[in-house]
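To be precise, the following lines are start_4.tsv, and they hold TSV, C-alpha atoms.
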chain	number	residue	atom	x	y	z
H	13	ASP	CA	0.00	0.00	0.00
H	14	PHE	CA	3.01	2.32	0.23
H	15	PHE	CA	3.44	2.10	-3.56
H	16	SER	CA	1.29	3.74	-6.21
H	17	ILE	CA	-1.50	1.68	-7.75
H	18	GLY	CA	0.42	1.60	-11.02
H	19	MET	CA	3.48	0.14	-9.32
H	20	GLN	CA	1.32	-2.42	-7.52
H	21	ARG	CA	-0.21	-3.50	-10.81
H	22	VAL	CA	3.19	-3.97	-12.43
H	23	GLY	CA	4.49	-5.90	-9.42
H	24	LEU	CA	1.49	-8.22	-9.22
H	25	GLN	CA	1.41	-8.77	-12.99
H	26	THR	CA	5.06	-9.84	-12.76
H	27	ALA	CA	4.17	-12.20	-9.91
H	28	ALA	CA	1.32	-13.69	-12.00
H	29	ASN	CA	3.70	-14.34	-14.91
H	30	ILE	CA	6.18	-16.00	-12.54
H	31	CYS	CA	3.48	-18.21	-10.99
H	32	ARG	CA	2.42	-19.42	-14.44
H	33	GLN	CA	5.96	-20.67	-15.15
H	34	PHE	CA	6.85	-21.67	-11.60
H	35	PRO	CA	7.81	-25.39	-11.40
H	36	SER	CA	6.09	-27.46	-8.73
H	37	SER	CA	9.45	-28.66	-7.44
H	38	ALA	CA	10.47	-25.08	-6.64
H	39	LEU	CA	7.64	-24.42	-4.16
H	40	THR	CA	9.13	-23.28	-0.85
H	41	ASP	CA	8.06	-21.85	2.50
H	42	GLY	CA	8.51	-18.41	0.97
H	43	THR	CA	5.80	-19.26	-1.56
H	44	ALA	CA	3.45	-20.27	1.25
H	45	ASP	CA	4.11	-16.97	3.03
H	46	ALA	CA	2.82	-15.05	0.01
H	47	ILE	CA	-0.49	-16.93	-0.19
H	48	PRO	CA	-2.33	-15.04	2.63
H	49	ILE	CA	-1.30	-11.75	1.01
H	50	LEU	CA	-2.71	-12.86	-2.35
H	51	ILE	CA	-5.94	-14.04	-0.69
H	52	ASN	CA	-6.39	-10.61	0.92
H	53	ILE	CA	-5.77	-8.88	-2.42
H	54	LEU	CA	-8.85	-10.68	-3.79
H	55	LEU	CA	-10.92	-8.10	-1.90
H	56	HIS	CA	-8.93	-5.11	-3.18
H	57	ASP	CA	-10.88	-2.32	-4.86
H	58	ASP	CA	-8.72	-2.38	-8.00
H	59	PRO	CA	-10.02	-5.02	-10.47
H	60	ARG	CA	-6.63	-5.49	-12.16
H	61	LEU	CA	-4.99	-6.36	-8.86
H	62	VAL	CA	-7.80	-8.81	-8.11
H	63	ASP	CA	-7.38	-10.45	-11.52
H	64	CYS	CA	-3.61	-10.83	-11.09
H	65	ALA	CA	-4.00	-12.22	-7.57
H	66	CYS	CA	-6.52	-14.73	-8.90
H	67	VAL	CA	-4.09	-15.86	-11.62
H	68	CYS	CA	-1.36	-16.31	-9.00
H	69	LEU	CA	-3.59	-18.35	-6.68
H	70	THR	CA	-5.00	-20.53	-9.46
H	71	SER	CA	-1.51	-21.35	-10.76
H	72	LEU	CA	-0.20	-22.14	-7.28
H	73	ALA	CA	-3.22	-24.31	-6.43
H	74	ALA	CA	-2.73	-26.37	-9.59
H	75	LYS	CA	0.92	-26.94	-8.71
H	76	MET	CA	0.08	-27.92	-5.11
H	77	SER	CA	-2.80	-30.22	-6.06
H	78	LYS	CA	-0.62	-33.33	-6.01
H	79	ASP	CA	0.53	-32.65	-2.44
H	80	PRO	CA	-2.46	-32.97	-0.05
H	81	SER	CA	-0.69	-31.30	2.89
H	82	LYS	CA	0.39	-28.28	0.85
H	83	LEU	CA	-3.03	-27.91	-0.72
H	84	ALA	CA	-4.75	-28.16	2.67
H	85	ALA	CA	-2.55	-25.35	3.97
H	86	PHE	CA	-3.25	-23.38	0.79
H	87	CYS	CA	-7.03	-23.72	1.24
H	88	SER	CA	-7.02	-22.77	4.91
H	89	GLY	CA	-7.83	-19.26	6.07
H	90	ASN	CA	-10.16	-16.98	4.13
H	91	LEU	CA	-9.65	-18.34	0.62
H	92	VAL	CA	-13.15	-19.79	0.11
H	93	ALA	CA	-14.84	-16.93	1.99
H	94	ASN	CA	-13.12	-14.27	-0.13
H	95	VAL	CA	-13.81	-16.04	-3.41
H	96	MET	CA	-17.48	-16.55	-2.51
H	97	GLN	CA	-17.74	-12.87	-1.62
H	98	LEU	CA	-16.67	-12.02	-5.17
H	99	ILE	CA	-18.97	-14.43	-7.04
H	100	SER	CA	-22.03	-14.28	-4.78
H	101	PRO	CA	-25.11	-12.77	-6.46
H	102	ASN	CA	-25.82	-10.84	-3.25
H	103	THR	CA	-22.54	-8.94	-3.21
H	104	SER	CA	-22.17	-5.33	-4.26
H	105	ARG	CA	-18.82	-6.11	-5.88
H	106	THR	CA	-18.63	-7.03	-9.55
H	107	VAL	CA	-15.87	-8.91	-11.35
H	108	SER	CA	-15.18	-9.29	-15.04
H	109	PRO	CA	-16.11	-12.54	-16.82
H	110	SER	CA	-12.41	-13.45	-17.12
H	111	THR	CA	-11.86	-12.96	-13.38
H	112	HIS	CA	-15.02	-14.93	-12.61
H	113	HIS	CA	-13.70	-17.74	-14.84
H	114	SER	CA	-10.39	-17.74	-12.93
H	115	LEU	CA	-12.20	-17.81	-9.58
H	116	ILE	CA	-14.33	-20.78	-10.67
H	117	LYS	CA	-11.19	-22.56	-11.88
H	118	LEU	CA	-9.52	-21.88	-8.51
H	119	LEU	CA	-12.46	-23.36	-6.60
H	120	ASN	CA	-12.51	-26.30	-9.00
H	121	VAL	CA	-8.87	-27.21	-8.34
H	122	CYS	CA	-9.32	-26.90	-4.57
H	123	ALA	CA	-12.65	-28.74	-4.32
H	124	ARG	CA	-11.55	-31.61	-6.56
H	125	ASN	CA	-8.44	-32.28	-4.50
H	126	ASN	CA	-9.65	-31.33	-1.00
H	127	PRO	CA	-13.03	-32.66	0.25
H	128	ASP	CA	-13.10	-30.10	3.07
H	129	VAL	CA	-13.29	-27.32	0.48
H	130	ALA	CA	-16.20	-29.04	-1.28
H	131	ILE	CA	-18.11	-29.27	2.01
H	132	GLU	CA	-17.43	-25.62	2.83
H	133	LEU	CA	-18.68	-24.58	-0.61
H	134	LEU	CA	-21.89	-26.53	-0.05
H	135	ARG	CA	-22.34	-24.80	3.31
H	136	ARG	CA	-21.91	-21.44	1.59
H	137	ASP	CA	-24.64	-22.24	-0.98
H	138	LEU	CA	-22.36	-22.44	-4.00
H	139	PRO	CA	-24.92	-24.54	-5.95
H	140	GLU	CA	-27.45	-21.72	-5.66
H	141	THR	CA	-24.81	-19.18	-6.70
H	142	LEU	CA	-23.99	-21.22	-9.81
H	143	ASN	CA	-27.68	-21.70	-10.56
H	144	ILE	CA	-28.24	-17.94	-10.61
H	145	ALA	CA	-25.19	-17.41	-12.83
H	146	LEU	CA	-26.40	-20.07	-15.27
H	147	SER	CA	-29.97	-18.73	-15.39
H	148	GLY	CA	-28.91	-15.85	-17.62
H	149	CYS	CA	-26.10	-17.63	-19.46
H	150	LYS	CA	-26.26	-16.73	-23.17
H	151	VAL	CA	-23.93	-19.61	-24.06
H	152	LEU	CA	-26.68	-22.09	-23.11
H	153	THR	CA	-29.28	-20.09	-25.04
H	154	THR	CA	-27.13	-19.96	-28.18
H	155	VAL	CA	-26.25	-23.65	-28.08
H	156	ASN	CA	-29.78	-24.90	-27.39
H	157	SER	CA	-31.97	-22.58	-29.42
H	158	GLY	CA	-29.82	-20.51	-31.74
H	159	PRO	CA	-28.47	-16.96	-31.39
H	160	MET	CA	-31.83	-15.27	-32.00
H	161	SER	CA	-33.69	-17.01	-29.19
H	162	ALA	CA	-34.16	-15.63	-25.71
H	163	SER	CA	-33.76	-17.54	-22.48
H	164	PRO	CA	-36.90	-17.63	-20.30
H	165	ALA	CA	-34.82	-16.60	-17.30
H	166	SER	CA	-32.95	-13.83	-19.07
H	167	GLY	CA	-35.72	-11.26	-19.17
H	168	GLY	CA	-34.83	-8.58	-16.67
H	169	ALA	CA	-32.13	-10.74	-15.09
H	170	ALA	CA	-28.60	-9.53	-14.49
H	171	ALA	CA	-26.07	-10.45	-17.17
H	172	SER	CA	-24.41	-13.77	-16.50
H	173	PRO	CA	-20.62	-13.72	-16.00
H	174	ILE	CA	-20.46	-17.01	-17.94
H	175	VAL	CA	-19.79	-15.88	-21.50
H	176	THR	CA	-17.72	-18.66	-23.13
H	177	SER	CA	-18.06	-22.41	-23.57
H	178	GLU	CA	-14.77	-22.90	-21.69
H	179	HIS	CA	-16.19	-20.98	-18.74
H	180	LEU	CA	-19.38	-23.05	-18.87
H	181	LEU	CA	-17.33	-26.26	-18.88
H	182	GLU	CA	-15.42	-25.06	-15.82
H	183	VAL	CA	-18.70	-24.45	-13.98
H	184	ALA	CA	-19.94	-27.93	-14.92
H	185	THR	CA	-16.67	-29.47	-13.74
H	186	LEU	CA	-16.90	-27.61	-10.43
H	187	THR	CA	-20.47	-28.85	-9.98
H	188	ASP	CA	-19.25	-32.39	-10.56
H	189	ALA	CA	-16.53	-31.90	-7.94
H	190	LEU	CA	-19.20	-31.15	-5.33
H	191	LEU	CA	-20.98	-34.48	-5.89
H	192	PRO	CA	-20.14	-37.53	-3.73
H	193	ALA	CA	-17.93	-40.15	-5.30
H	194	VAL	CA	-19.50	-43.28	-6.78
H	195	SER	CA	-17.33	-46.40	-6.67
H	196	PRO	CA	-17.21	-48.91	-9.56
H	197	LYS	CA	-18.84	-51.47	-7.23
H	198	THR	CA	-21.80	-49.12	-6.73
H	199	ARG	CA	-22.20	-48.64	-10.47
H	200	SER	CA	-22.14	-52.38	-11.17
H	201	SER	CA	-24.64	-53.12	-8.38
H	202	ALA	CA	-27.02	-50.50	-9.78
H	203	ARG	CA	-26.99	-52.24	-13.16
H	204	SER	CA	-27.36	-55.82	-11.86
H	205	PRO	CA	-30.08	-57.39	-9.68
H	206	LYS	CA	-29.45	-56.81	-5.99
H	207	THR	CA	-28.41	-59.72	-3.80
H	208	ASN	CA	-28.76	-60.05	-0.07
H	209	LYS	CA	-25.22	-58.77	0.30
H	210	ASP	CA	-26.05	-55.67	-1.71
H	211	LYS	CA	-29.02	-54.92	0.54
H	212	SER	CA	-26.89	-55.08	3.66
H	213	GLU	CA	-24.23	-52.71	2.33
H	214	PRO	CA	-25.43	-49.12	1.61
H	215	ALA	CA	-24.14	-47.53	-1.57
H	216	THR	CA	-21.41	-44.92	-1.40
H	217	CYS	CA	-23.81	-42.17	-2.54
H	218	ALA	CA	-26.38	-43.17	0.07
H	219	VAL	CA	-23.74	-42.74	2.75
H	220	ASN	CA	-22.11	-39.57	1.47
H	221	ILE	CA	-25.09	-37.46	0.38
H	222	PRO	CA	-26.63	-37.07	3.88
H	223	ILE	CA	-23.21	-36.14	5.26
H	224	LEU	CA	-22.67	-33.44	2.63
H	225	THR	CA	-26.16	-32.00	2.85
H	226	LYS	CA	-26.31	-31.96	6.66
H	227	GLU	CA	-22.84	-30.53	7.15
Starting from the file, give its structure as structure tokens.
Amino acid sequence: DFFSIGMQRVGLQTAANICRQFPSSALTDGTADAIPILINILLHDDPRLVDCACVCLTSLAAKMSKDPSKLAAFCSGNLVANVMQLISPNTSRTVSPSTHHSLIKLLNVCARNNPDVAIELLRRDLPETLNIALSGCKVLTTVNSGPMSASPASGGAAASPIVTSEHLLEVATLTDALLPAVSPKTRSSARSPKTNKDKSEPATCAVNIPILTKE
């Protein structure tokens, strides 16, 4: 904050470029020390700083995804809370579609590799947030009915931040990451007639869904 906004933008843009090329083997304690700072920058008033911080965090999360302990430390603190504050339909803050895409990608990496993040996102009503964003998505309207058609939910609704097919795919992938896992045994038992053994052993979904919805 002691530097001008222009200097901060240059510095954070440089950091974003470094994070994109940063090898996973080079992650150190110094990298971890920078993560809380980047998470706090997500709530900065300057949209360019927010976008650069999001790029940094998304790149670092992808590189830490293969190390559960590092990713757990990465996801601790206010990461999910700050991201949800940016994408929530009830917030007064607005982000660009590209920043929204990066935030969804960040949550996707974290939720897919850390179940605690998926549970926290469910507690914070992420499915409802995504539902509202999809309700005015012009990509769905164009694909399903042609460019001249109008979505029933789009009349009077706020413009959706989901503006590309890649962004839509990222949202769908994040939604999938929130669902409980289904084992191959569960799939095969669903296709074949149930035996007495099957009746005595509840399916993975039957066990996981109440846990996710209640917690």
Show me, as an MDAnalysis selection string, the residues that have an atom within 12 Å of Cys122 in chain H when counting all atoms listed in the file, minus same-chain residues fewer than 5 positions from it. chainID H and resid 69:80 82:88 91:92 95 115:117 127:133 186 189:190
I'd like the neighbourhood of range 135-140 of chain H as a PyMOL selection string, where a residue qualifies if any of its atoms comes within 12 Å (using all atoms listed in the file), though same-chain residues fewer than 5 positions away should be ignored. chain H and resi 92-102+116+119-120+123+128-130+145-147+183-184+186-191+223-227
For the selection just defined, write its residues with C-alpha atoms to a file, as a PDB file, in the coordinates of the input.
ATOM      1  CA  VAL H  92     -13.150 -19.790   0.110  1.00  0.00           C
ATOM      2  CA  ALA H  93     -14.840 -16.930   1.990  1.00  0.00           C
ATOM      3  CA  ASN H  94     -13.120 -14.270  -0.130  1.00  0.00           C
ATOM      4  CA  VAL H  95     -13.810 -16.040  -3.410  1.00  0.00           C
ATOM      5  CA  MET H  96     -17.480 -16.550  -2.510  1.00  0.00           C
ATOM      6  CA  GLN H  97     -17.740 -12.870  -1.620  1.00  0.00           C
ATOM      7  CA  LEU H  98     -16.670 -12.020  -5.170  1.00  0.00           C
ATOM      8  CA  ILE H  99     -18.970 -14.430  -7.040  1.00  0.00           C
ATOM      9  CA  SER H 100     -22.030 -14.280  -4.780  1.00  0.00           C
ATOM     10  CA  PRO H 101     -25.110 -12.770  -6.460  1.00  0.00           C
ATOM     11  CA  ASN H 102     -25.820 -10.840  -3.250  1.00  0.00           C
ATOM     12  CA  ILE H 116     -14.330 -20.780 -10.670  1.00  0.00           C
ATOM     13  CA  LEU H 119     -12.460 -23.360  -6.600  1.00  0.00           C
ATOM     14  CA  ASN H 120     -12.510 -26.300  -9.000  1.00  0.00           C
ATOM     15  CA  ALA H 123     -12.650 -28.740  -4.320  1.00  0.00           C
ATOM     16  CA  ASP H 128     -13.100 -30.100   3.070  1.00  0.00           C
ATOM     17  CA  VAL H 129     -13.290 -27.320   0.480  1.00  0.00           C
ATOM     18  CA  ALA H 130     -16.200 -29.040  -1.280  1.00  0.00           C
ATOM     19  CA  ALA H 145     -25.190 -17.410 -12.830  1.00  0.00           C
ATOM     20  CA  LEU H 146     -26.400 -20.070 -15.270  1.00  0.00           C
ATOM     21  CA  SER H 147     -29.970 -18.730 -15.390  1.00  0.00           C
ATOM     22  CA  VAL H 183     -18.700 -24.450 -13.980  1.00  0.00           C
ATOM     23  CA  ALA H 184     -19.940 -27.930 -14.920  1.00  0.00           C
ATOM     24  CA  LEU H 186     -16.900 -27.610 -10.430  1.00  0.00           C
ATOM     25  CA  THR H 187     -20.470 -28.850  -9.980  1.00  0.00           C
ATOM     26  CA  ASP H 188     -19.250 -32.390 -10.560  1.00  0.00           C
ATOM     27  CA  ALA H 189     -16.530 -31.900  -7.940  1.00  0.00           C
ATOM     28  CA  LEU H 190     -19.200 -31.150  -5.330  1.00  0.00           C
ATOM     29  CA  LEU H 191     -20.980 -34.480  -5.890  1.00  0.00           C
ATOM     30  CA  ILE H 223     -23.210 -36.140   5.260  1.00  0.00           C
ATOM     31  CA  LEU H 224     -22.670 -33.440   2.630  1.00  0.00           C
ATOM     32  CA  THR H 225     -26.160 -32.000   2.850  1.00  0.00           C
ATOM     33  CA  LYS H 226     -26.310 -31.960   6.660  1.00  0.00           C
ATOM     34  CA  GLU H 227     -22.840 -30.530   7.150  1.00  0.00           C
TER      35      GLU H 227
END
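In this model, the gap between CA of Phe34 in chain H and CA of Ser177 in chain H comes to 27.6 Å.
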Name the residues in contact with Pro173 in chain H at a cut-off of 9 Å, using only C-alpha atoms, excluding same-chain residues fewer than 3 positions from it; report them as number ranges by chain. H: 107-110, 112-113, 145-146, 148-149, 179
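Atom pair CA of Gln25 in chain H / CA of Ile49 in chain H has a distance of 14.6 Å (rounded to one decimal).
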If you measure from CA of Leu24 in chain H to CA of Cys64 in chain H, what distance in Å do you get, rounded to one decimal? 6.0 Å
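Checking H:Leu181, H:Leu55, H:Leu134, H:Leu61 one by one against Met19 in chain H, counting all atoms listed in the file, you find the shortest gap at H:Leu61.
Among the candidates H:Gly23, H:Pro192, H:Pro48, H:Gly89, the residue lying nearest to Arg124 in chain H is H:Pro192 (atoms considered: all atoms listed in the file).
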